[in-house]
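S.K.: Have a look at this one.
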Amino acid sequence: MKIYNTLTGKKEEFVPINDGKVTMYVCGPTVYNYFHIGNARPFIVFDTFRNYLKYKGFEVIYVQNITDVDDKIINKAKEKNTTFEKVAEKYTKAYFDDIEKLKIEKPDKSPKATEEIKEMIELIRVLLEKGYAYIIKDGVYFSVEKFTDYGKLSNKKIDELREGARVEINDQKKNPLDFALWKFAKEGEPYWESPWGKGRPGWHIECSVMSKKYTGADTIDIHAGGIDLTFPHHENEIAQSEAASGKKFVNYWMHNGYVNIKGEKMSKSIGNIILAREVTEKYSAEVIRMFILSAHYRSPLDFTWENIEKIKQAFKDIYYTLQILKQVEKPDVKITIEESSYLKNFIDALDDDFNTPEALAIIFNIIKLVKEQIKKEFTNEIVYSLAIIEKNIIEMCKILKILPEIKKPDEKIIKLMDERNILRKEKKFIEADKIKEEIKKAGYILEDTKTRSFLIHEL
RNA sequence: GGCGGCGUAGCCAAGUGGUAAGGCAGAGGUCUGCAAAACCUUUAUUCAGCGGUUCAAAUCCGCUCGCCGCCUCCA
């Protein structure tokens, strides 16, 4: 399996540190608002990727932080005349509600920043001790110049960054790029005790701490997030972690592209956001996930209601086809990669830097086979072949987590269909059409072929 | 200014050296008692433009044009 690694700018063969195990850290939400569909992209992409790793037989440890104290949360609390804890609590709950609606599996660990303060203080202490950090009037800062590898992830040089940097308000900092490890509390701000004074952690430090604590290792396999986190957030994480441990922090950095609105990045500051919950109100998790996976994860993805509607139409094809297959009496079969060239191609596509659009195309290629076969006489051979096809589609949809729930229609509805077919044979079409109407009211459409009829639950 | 990405049919989107996947929409047709949200066929001699390398380029190189992102909070 190959993964594009931001650190090297190349696709690389994925080799986990420990055989059969993968440690994965995905940057999580800052809980000061409902998350939007742009935020949802990494959640969905990397949840699906985790699922794929599990399918491949890896044991995955998946950690995602919750930033529940920071300036934005504090400001929101002021604005709403409440406490930062209340704001964080509200949106943490909303985050879990929303990921559930999107059928995102809960992370194995969802550590909260406020519950890891002790470890963060310890890490800062080490950095101070090793001379990577210094204390000024408003906090403890990391000195980027002390860390020679600074910029290796985002391919930036300290000097060049300095030129582009804006006017720095804080003239006590040794370098404008130095970032806060610990911020001293101003009047009325929440604080925790520390050896250097009352305050709160800087943003980056939590990821360094949690990543190590919950994977149990200085070096993890995969660290993922939106491309906008590359600099400065991930760069700073590397600096902190590697300065402290002296070891490589992350082997593979994966970054997803933006969700755009009319070609422009969706972001809270621009204000062009569509909340994830606005989308889950209108579309099922499977359709939303398929929409997200319809573009390669590193490419930009334009969100429009028309585009997601197109995906819904395409998804219908999968849904309807699986329903038809469900209504065919078939033998129980097993499929293997060796026997199914479709499955093999599917896996090959995903093994190539998680190429989900290619993988989706393969699903549609198989669906075409169903359409060819379903019209034919149901010989043993055909039925067997349909069984194999169904298994393939289900397997693939499961891997991509776009498998819709397929129920056999109620006995009652099946009876109605049988009755209608008898009436049709007797050429009592008026009565037959009445039953058709009745079936439609129950939410099913009928599809008649030469030899049989199928009931299809409408999406 | 520095760094990075992108430009493939009406739209969405794979493909990164061997002759353009897949989806949506459209057009024509078929099945059917009727019908379908069913099925079939069809839709890029061409991949932003111009040069170059090569037996061979959407794919590699150079230049031009256009769009976007990061360098400040951001998924």
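We name chains A, B, ... following the order of the structure tokens; residues begin at 1 in each chain, and ligands are numbered from 1 as shown.
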Output as a Markdown table one row per residue of chain B within 7 Å of chain A: the closest atom pair and its distance in Å to one decimal place, counting only C-alpha atoms (C1' of nucleotides), sorted by chain and residue number ascending.
M.R.:
```
| residue | atom | partner | partner_atom | distance |
| --- | --- | --- | --- | --- |
| B:G2 | C1' | A:Glu160 | CA | 5.9 |
| B:C3 | C1' | A:Lys156 | CA | 6.5 |
| B:C12 | C1' | A:Asn307 | CA | 6.7 |
| B:A13 | C1' | A:Ala295 | CA | 6.5 |
| B:A14 | C1' | A:Glu358 | CA | 5.6 |
| B:A21 | C1' | A:Ala361 | CA | 6.8 |
| B:G22 | C1' | A:Ala361 | CA | 4.1 |
| B:G23 | C1' | A:Ala314 | CA | 6.2 |
| B:C24 | C1' | A:Lys310 | CA | 5.0 |
| B:G33 | C1' | A:Phe429 | CA | 6.7 |
| B:A36 | C1' | A:Glu447 | CA | 6.9 |
| B:A38 | C1' | A:Glu447 | CA | 6.5 |
| B:C70 | C1' | A:Asp228 | CA | 6.9 |
| B:C71 | C1' | A:Leu161 | CA | 6.2 |
| B:C74 | C1' | A:Ser267 | CA | 6.8 |
| B:A75 | C1' | A:Gly226 | CA | 4.2 |
```
S.K.: With only C-alpha atoms as the basis for distance, which of A:Glu278, A:Glu145, A:Glu242, A:Glu405 is at the shortest distance from A:Leu127?
M.R.: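 Using only C-alpha atoms, A:Leu127 sits closest to A:Glu242.
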S.K.: Considering only C-alpha atoms (C1' of nucleotides), return as number ranges by chain whatever protein or nucleic-acid residues lie within 12 Å of B:G49, sequence-local ones (same chain, fewer than 6 positions apart) excluded.
M.R.: B: 7, 63-66
S.K.: What does the file look like for those residues with N, CA, C and O atoms (P, O5', C5', C4', C3', O3' and C1' of nucleotides), as a PDB file, in the first residue's frame?
M.R.:
```
ATOM      1  P     G B   7      -5.679  19.346 -13.031  1.00  0.00           P
ATOM      2  O5'   G B   7      -6.363  20.524 -13.845  1.00  0.00           O
ATOM      3  C5'   G B   7      -7.781  20.807 -13.672  1.00  0.00           C
ATOM      4  C4'   G B   7      -8.094  22.018 -14.532  1.00  0.00           C
ATOM      5  C3'   G B   7      -7.969  21.747 -16.026  1.00  0.00           C
ATOM      6  O3'   G B   7      -9.203  21.992 -16.706  1.00  0.00           O
ATOM      7  C1'   G B   7      -6.690  23.665 -15.367  1.00  0.00           C
ATOM      8  P     C B  63      10.312  27.904 -17.331  1.00  0.00           P
ATOM      9  O5'   C B  63       9.484  28.737 -18.394  1.00  0.00           O
ATOM     10  C5'   C B  63      10.131  29.748 -19.191  1.00  0.00           C
ATOM     11  C4'   C B  63       9.221  30.156 -20.318  1.00  0.00           C
ATOM     12  C3'   C B  63       7.873  30.741 -19.898  1.00  0.00           C
ATOM     13  O3'   C B  63       7.967  32.101 -19.539  1.00  0.00           O
ATOM     14  C1'   C B  63       7.526  29.146 -21.607  1.00  0.00           C
ATOM     15  P     U B  64       6.935  32.705 -18.494  1.00  0.00           P
ATOM     16  O5'   U B  64       5.589  32.764 -19.361  1.00  0.00           O
ATOM     17  C5'   U B  64       5.484  33.658 -20.465  1.00  0.00           C
ATOM     18  C4'   U B  64       4.145  33.491 -21.136  1.00  0.00           C
ATOM     19  C3'   U B  64       2.937  33.638 -20.223  1.00  0.00           C
ATOM     20  O3'   U B  64       2.609  35.000 -19.972  1.00  0.00           O
ATOM     21  C1'   U B  64       2.649  31.718 -21.561  1.00  0.00           C
ATOM     22  P     C B  65       1.926  35.393 -18.602  1.00  0.00           P
ATOM     23  O5'   C B  65       0.427  34.880 -18.813  1.00  0.00           O
ATOM     24  C5'   C B  65      -0.390  35.426 -19.858  1.00  0.00           C
ATOM     25  C4'   C B  65      -1.663  34.630 -19.980  1.00  0.00           C
ATOM     26  C3'   C B  65      -2.459  34.484 -18.695  1.00  0.00           C
ATOM     27  O3'   C B  65      -3.207  35.649 -18.392  1.00  0.00           O
ATOM     28  C1'   C B  65      -2.342  32.381 -19.755  1.00  0.00           C
ATOM     29  P     G B  66      -3.461  36.021 -16.872  1.00  0.00           P
ATOM     30  O5'   G B  66      -4.523  34.936 -16.418  1.00  0.00           O
ATOM     31  C5'   G B  66      -5.833  34.934 -16.978  1.00  0.00           C
ATOM     32  C4'   G B  66      -6.571  33.708 -16.513  1.00  0.00           C
ATOM     33  C3'   G B  66      -6.654  33.537 -15.003  1.00  0.00           C
ATOM     34  O3'   G B  66      -7.648  34.340 -14.410  1.00  0.00           O
ATOM     35  C1'   G B  66      -6.055  31.474 -15.996  1.00  0.00           C
TER      36        G B  66
END
```
S.K.: Using only C-alpha atoms (C1' of nucleotides), which of the listed residues (B:G17, B:G1, B:G26, B:A9) sits closest to B:U54?
M.R.: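 Looking only at the distances to B:U54, the closest residue turns out to be B:G17.
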S.K.: DSSP on the backbone: what in stretch 100-345 of chain A comes out helix (DSSP H, G or I), as a PyMOL selection string?
M.R.: chain A and resi 100-101+113-115+117-129+144-146+158-164+205-215+227-245+276-282+285-293+305-326+341-345
S.K.: Pick out each residue of stretch 10-175 of chain A that DSSP on the backbone tags as strand (DSSP E); I need them as number ranges by chain.
M.R.: A: 10-13, 21-26, 59-64, 133-136, 139-142
S.K.: Taking 5 positions as the minimum chain separation for residues in the same chain, which residues sit within 10 Å of A:Trp196 when counting only C-alpha atoms (C1' of nucleotides)? Answer as JSON, numbers by chain.
M.R.: {"A": [121, 125, 135, 139, 140, 182, 183, 184]}
S.K.: Keeping only C-alpha atoms, write those residues as a compact mmCIF listing (two decimals), in the first residue's frame.
M.R.:
```txt
# COMPACT_ATOMS: atom_id res chain seq x y z
CA ILE A 121 3.26 21.04 31.68
CA ARG A 125 9.31 21.56 31.39
CA ILE A 135 9.88 32.49 29.24
CA GLY A 139 4.04 33.05 28.32
CA VAL A 140 6.46 30.27 27.59
CA TRP A 182 1.98 28.17 27.71
CA LYS A 183 0.00 31.40 27.81
CA PHE A 184 -0.19 33.30 31.06
```
